[in-house]
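Peer 1: If you scroll down you'll find the structure; I have some questions about it.
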Amino acid sequence: MTEQLKQLRDKIDAIDNELLKLINARAALAQEIGRRKNGVTYRPERESQVLTRLQQSNSGPLTSERVTQLFTEIISACRAMEEPLTIAYLGPQGTFSEEAVTKRFGNTVLTLACHTIDDVFREVESGSAHYGVVPVENSTEGAVGRTMDLLLQTPLTVCGEIELAVHQYLMAQQSDLAAIQKIYSHPQSFAQCLGWLKTHLPNLQTIARIDAASNADAASRAATDQNAAAIAGKKAAAVFGLTICAKNIEDEPNNTTRFLVIGTQQVSVSGKDKTSIVLSTSNRPGAIHELLAPLARYQVSMTRLESRPSRKGLWEYVFFIDIEGHQENENIAKALEELRSKATFLKILGSYPAAQ
Ligand SMILES: C=C(O[C@@H]1C=C(C(=O)O)C=C[C@H]1O)C(=O)O
């Protein structure tokens with residue numbers, strides 16, 4: 001080792017010592033806050049503010065994304081000093097839902113992999129998990145109907161949203177593409193990667209394609225099948241001990257899935273919030289236009305409008321609407337009050353910090 005390299009490493013060691021002291025001081029403060037605060041440990045609005053502030057004051061060379069990732073882990077460890085949280089999600093291990101859990105809550109949480117979206121709601125409703133993470137929409141596939149139907153019925157509230165870029169990986173027990181004789185994948189993932197597969201696997205016609213129940217299921221099957229590969233998220237490769245043969249093989253680079261955090265709390269104002277509501281109106285001409293007029297009047301921006309059959313009467317619909325702002329903001333409160341007086345049914349699912 002050159003003297004110069006040694007000096008640089010000595011500097012890193014000194015910084016690490018300082019960081020360690022500072023991180024422990026932070027953890028002690030979080031513990032102290034935990035003793036003083038009454039009620040719930042997890043405060044999404046505060047965490048969002050902490051991360052936003054750090055992104056704004058970051059002068060690099062680390063990117064904002066890396067800073068968020070690092071501090072999410074620090075917050076995760078500090079939060080666990082107060083109370084370890086249990087998060088239910090749509091499993092099995094290695095799915096994109098699990099990636100979404102880690103993106104929001106960090107690694108210092110207990111996780112509960114559920115078989116179905118219904119089970120995620122059930123685990124949180126019964127108190128077996130503090131929060132749940134469920135997919136709600138995908139930028140190419142559209143809405144996740146089951147999540148929306150359950151939101152309509154549940155006593156739970158929406159406490160957060162997570163946006164996750166969906167990157168697909170080709171993984172196998174070895175990295176030689178020429179050796180692949182089978183590909184396990186969820187049909188949707190296969191479709192999302194078809195262009196890449198055709199270009200990079202010239203013998204694709206001769207490769208057997210086997211449908212799997214989820215990306216994680218695909219990876220678990222490839223882990224016991226020598227000449228097989230799987231298409232799945234990065235996390236699945238780690239969970240099932242597979243080698244990554246190719247990264248980001250999706251044909252649509254901006255494919256993003258949006259998840260919701262469901263829980264039992266009313267989240268306070270963070271300053272950059274969203275509110276999700278579901279409502280219905282009578283079935284007559286102009287009804288939906290009239291219903292939405294208060295949003296325009298109070299200058300409320302709508303980020304999503306989705307209709308779903310109400311399951312009550314034939315051709316009756318409920319509308320899921322996301323707006324910018326918190327229900328405690330004055331203009332939002334007024335707009336919601338008016339909406340409530342016009343709608344035949346209105347449920348506020350929750351206000352929460354907008355995804356970073
Ligand atoms: C320390 C607190 O508790 C939790 C941990 C936080 C943190 O480590 O910054 C922030 C919010 C809470 O989820 C707090 O409420 O301030």
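Residue names in the structure tokens use chain letters A, B, ... in the order shown, residue numbers from 1 in each chain, and ligand numbers from 1 in the order shown.
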Around ligand 1, which protein and nucleic acid residues have at least one atom no more than 9 Å from it, if we count only C-alpha atoms and all ligand atoms? List them as an MDAnalysis selection string.
Peer 2: chainID A and resid 26:27 29:34 37 40:51 71:72 74:82
Peer 1: Go through segment 60-175 of chain A and collect every residue that DSSP, computed from the backbone, puts in strand (DSSP E or B); the answer should be as a PyMOL selection string.
Peer 2: chain A and resi 86-90+110-114+131-138+142-143+157-165+169-172
Peer 1: Put those residues in a file: C-alpha atoms, as an mmCIF file, in the first residue's frame.
Peer 2:
```cif
data_model
loop_
_atom_site.group_PDB
_atom_site.id
_atom_site.type_symbol
_atom_site.label_atom_id
_atom_site.label_comp_id
_atom_site.auth_asym_id
_atom_site.auth_seq_id
_atom_site.Cartn_x
_atom_site.Cartn_y
_atom_site.Cartn_z
ATOM 1 C CA THR A 86 -43.889 -5.278 11.754
ATOM 2 C CA ILE A 87 -44.774 -4.656 8.111
ATOM 3 C CA ALA A 88 -47.080 -6.988 6.158
ATOM 4 C CA TYR A 89 -46.623 -7.118 2.389
ATOM 5 C CA LEU A 90 -47.593 -9.119 -0.648
ATOM 6 C CA LEU A 110 -39.848 -7.236 10.927
ATOM 7 C CA THR A 111 -41.612 -8.323 7.769
ATOM 8 C CA LEU A 112 -44.625 -10.535 7.275
ATOM 9 C CA ALA A 113 -44.932 -11.989 3.760
ATOM 10 C CA CYS A 114 -48.613 -12.571 2.898
ATOM 11 C CA TYR A 131 -48.535 -1.404 8.688
ATOM 12 C CA GLY A 132 -49.129 -3.070 5.339
ATOM 13 C CA VAL A 133 -47.717 -2.354 1.902
ATOM 14 C CA VAL A 134 -49.924 -3.105 -1.122
ATOM 15 C CA PRO A 135 -49.546 -2.335 -4.836
ATOM 16 C CA VAL A 136 -52.188 0.095 -6.117
ATOM 17 C CA GLU A 137 -51.199 0.947 -9.703
ATOM 18 C CA ASN A 138 -48.566 0.297 -12.321
ATOM 19 C CA GLY A 142 -52.913 0.212 -14.660
ATOM 20 C CA ALA A 143 -54.874 -0.106 -11.414
ATOM 21 C CA THR A 157 -56.238 4.506 6.608
ATOM 22 C CA VAL A 158 -53.696 5.253 3.901
ATOM 23 C CA CYS A 159 -50.525 6.432 5.680
ATOM 24 C CA GLY A 160 -48.134 6.710 2.757
ATOM 25 C CA GLU A 161 -47.270 5.997 -0.845
ATOM 26 C CA ILE A 162 -44.136 4.457 -2.341
ATOM 27 C CA GLU A 163 -43.100 4.695 -5.967
ATOM 28 C CA LEU A 164 -40.790 1.955 -7.116
ATOM 29 C CA ALA A 165 -39.083 1.766 -10.514
ATOM 30 C CA TYR A 169 -33.166 -8.908 -14.003
ATOM 31 C CA LEU A 170 -32.288 -12.151 -15.741
ATOM 32 C CA MET A 171 -30.824 -14.532 -13.162
ATOM 33 C CA ALA A 172 -29.624 -18.120 -13.065
#
```
Peer 1: Kindly give the distance, in Å, that separates atom CA of Ser189 of chain A and atom CA of Ala246 of chain A, rounded to a single decimal.
Peer 2: 14.4 Å
Peer 1: Ranking A:His167, A:Ser310, A:Gln356, A:Lys347 by minimum distance to Ser64 of chain A and counting only C-alpha atoms, which one comes first?
Peer 2: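 So, comparing all the options, the nearest one is A:Gln356.
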Peer 1: If we count only C-alpha atoms and set the cut-off at 10 Å, which residues sit around Asn203 of chain A, ignoring sequence neighbours fewer than 6 positions away in its own chain? Please answer as a ChimeraX atom specification.
Peer 2: /A:178,180-181,197
Peer 1: With C-alpha atoms retained, write the just-selected residues as a PDB file, in the first residue's frame.
Peer 2:
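selection34.pdb, written as the output of this step:
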```pdb
ATOM      1  CA  ALA A 178     -25.924 -19.704 -23.991  1.00  0.00           C
ATOM      2  CA  ILE A 180     -30.186 -21.242 -20.693  1.00  0.00           C
ATOM      3  CA  GLN A 181     -32.734 -23.872 -21.732  1.00  0.00           C
ATOM      4  CA  LEU A 197     -35.014 -11.453 -24.774  1.00  0.00           C
TER       5      LEU A 197
END
```
Peer 1: Excluding Arg308 of chain A and any residue of its chain fewer than 4 positions from it, enumerate the residues within 9 Å of it, using only C-alpha atoms, and give them as a PyMOL selection string.
Peer 2: chain A and resi 145+148-149+316-320
Peer 1: Go ahead and write the selection's residues with N, CA and C atoms as a PDB file, in the first residue's frame.
Peer 2:
```pdb
ATOM      1  N   GLY A 145     -57.039  -3.695  -9.018  1.00  0.00           N
ATOM      2  CA  GLY A 145     -58.438  -3.666  -8.614  1.00  0.00           C
ATOM      3  C   GLY A 145     -58.689  -4.176  -7.214  1.00  0.00           C
ATOM      4  N   MET A 148     -58.035  -1.671  -4.530  1.00  0.00           N
ATOM      5  CA  MET A 148     -59.035  -0.596  -4.497  1.00  0.00           C
ATOM      6  C   MET A 148     -60.338  -1.078  -3.856  1.00  0.00           C
ATOM      7  N   ASP A 149     -60.741  -2.304  -4.190  1.00  0.00           N
ATOM      8  CA  ASP A 149     -61.965  -2.843  -3.589  1.00  0.00           C
ATOM      9  C   ASP A 149     -61.829  -2.955  -2.069  1.00  0.00           C
ATOM     10  N   GLU A 316     -73.136   0.719 -11.556  1.00  0.00           N
ATOM     11  CA  GLU A 316     -72.902   1.806 -10.593  1.00  0.00           C
ATOM     12  C   GLU A 316     -71.421   1.809 -10.258  1.00  0.00           C
ATOM     13  N   TYR A 317     -70.872   3.004 -10.164  1.00  0.00           N
ATOM     14  CA  TYR A 317     -69.423   3.114  -9.993  1.00  0.00           C
ATOM     15  C   TYR A 317     -69.054   3.933  -8.772  1.00  0.00           C
ATOM     16  N   VAL A 318     -67.848   3.636  -8.235  1.00  0.00           N
ATOM     17  CA  VAL A 318     -67.250   4.533  -7.249  1.00  0.00           C
ATOM     18  C   VAL A 318     -66.014   5.133  -7.917  1.00  0.00           C
ATOM     19  N   PHE A 319     -65.651   6.315  -7.482  1.00  0.00           N
ATOM     20  CA  PHE A 319     -64.502   7.008  -8.065  1.00  0.00           C
ATOM     21  C   PHE A 319     -63.419   7.164  -7.007  1.00  0.00           C
ATOM     22  N   PHE A 320     -62.225   6.733  -7.366  1.00  0.00           N
ATOM     23  CA  PHE A 320     -61.060   6.906  -6.482  1.00  0.00           C
ATOM     24  C   PHE A 320     -60.320   8.146  -6.973  1.00  0.00           C
TER      25      PHE A 320
END
```
Peer 1: Which of these residues is nearest to Ala287 of chain A, using only C-alpha atoms: A:Thr344, A:Gln168, A:Lys274, A:Glu252?
Peer 2: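 Among A:Thr344, A:Gln168, A:Lys274, A:Glu252, it is A:Thr344 that comes nearest to Ala287 of chain A.
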Peer 1: What is the atom CA of Glu65 of chain A to atom CA of Ile262 of chain A distance in Å?
Peer 2: 24.1 Å
Peer 1: Which residue gives the smallest distance to Val269 of chain A among A:Ala191, A:Pro253, A:Pro353, A:Ala333, with only C-alpha atoms counted?
Peer 2: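 That would be A:Pro353, the residue with the smallest distance to Val269 of chain A.
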Peer 1: What is the atom CA of Gln226 of chain A to atom CA of Ala208 of chain A distance in Å?
Peer 2: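 Result for atom CA of Gln226 of chain A versus atom CA of Ala208 of chain A: 13.5 Å, one decimal.
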Peer 1: Among segment 115-218 of chain A, which residues does DSSP mark as helix (DSSP H, G or I) when it is run on the backbone? Keep the chain and numbering as in the structure and answer as an MDAnalysis selection string.
Peer 2: chainID A and resid 117:125 145:153 177:179 187:200 204:206 215:218
Peer 1: Show me, as number ranges by chain, the residues that have an atom within 7 Å of Ala343 of chain A when counting only C-alpha atoms, minus same-chain residues fewer than 5 positions from it.
Peer 2: A: 279-281, 291
Peer 1: Using only C-alpha atoms for the distances, tell me which of A:His186, A:Lys21, A:His200, A:Arg36 is nearest to Gly233 of chain A.
Peer 2: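 Between A:His186, A:Lys21, A:His200, A:Arg36, the residue approaching Gly233 of chain A most closely is A:His186.
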Peer 1: Using only C-alpha atoms for the distances, tell me which of A:Thr264, A:Gln69, A:Thr275, A:Ser214 is nearest to Phe96 of chain A.
Peer 2: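 The closest residue to Phe96 of chain A is A:Ser214.
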Peer 1: Return the single residue from A:Ile210, A:Ala14, A:Ile321, A:Leu295 that is closest to Glu337 of chain A, with distances computed using only C-alpha atoms.
Peer 2: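 Of the candidates, the smallest distance to Glu337 of chain A is held by A:Leu295.
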Peer 1: Mind checking which residues fall within 10 Å of Thr154 of chain A, counting only C-alpha atoms, ignoring those fewer than 2 positions away in the same chain, and posting them as a list in words?
Peer 2: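 Those residues are Phe121, Arg122, Glu125, Asp149, Leu150, Leu151, Leu152, Leu156, Thr157, Ile262 and Leu349 of chain A.
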Peer 1: Can you tell me, as a ChimeraX atom specification, what residues are no more than 9 Å from Trp196 of chain A when counting only C-alpha atoms, ignoring any on the same chain fewer than 5 positions away?
Peer 2: /A:201,249-251
Peer 1: Could you write those residues out with N, CA and C atoms, as a compact mmCIF listing (two decimals), in the first residue's frame?
Peer 2:
```txt
# COMPACT_ATOMS: atom_id res chain seq x y z
N LEU A 201 -31.15 -13.33 -26.71
CA LEU A 201 -31.17 -14.80 -26.72
C LEU A 201 -31.63 -15.24 -28.11
N ILE A 249 -33.59 -5.44 -17.90
CA ILE A 249 -33.92 -6.01 -19.21
C ILE A 249 -35.34 -5.64 -19.64
N GLU A 250 -36.01 -4.78 -18.87
CA GLU A 250 -37.38 -4.38 -19.25
C GLU A 250 -37.34 -3.48 -20.48
N ASP A 251 -38.34 -3.63 -21.35
CA ASP A 251 -38.37 -2.83 -22.58
C ASP A 251 -38.83 -1.40 -22.32
```
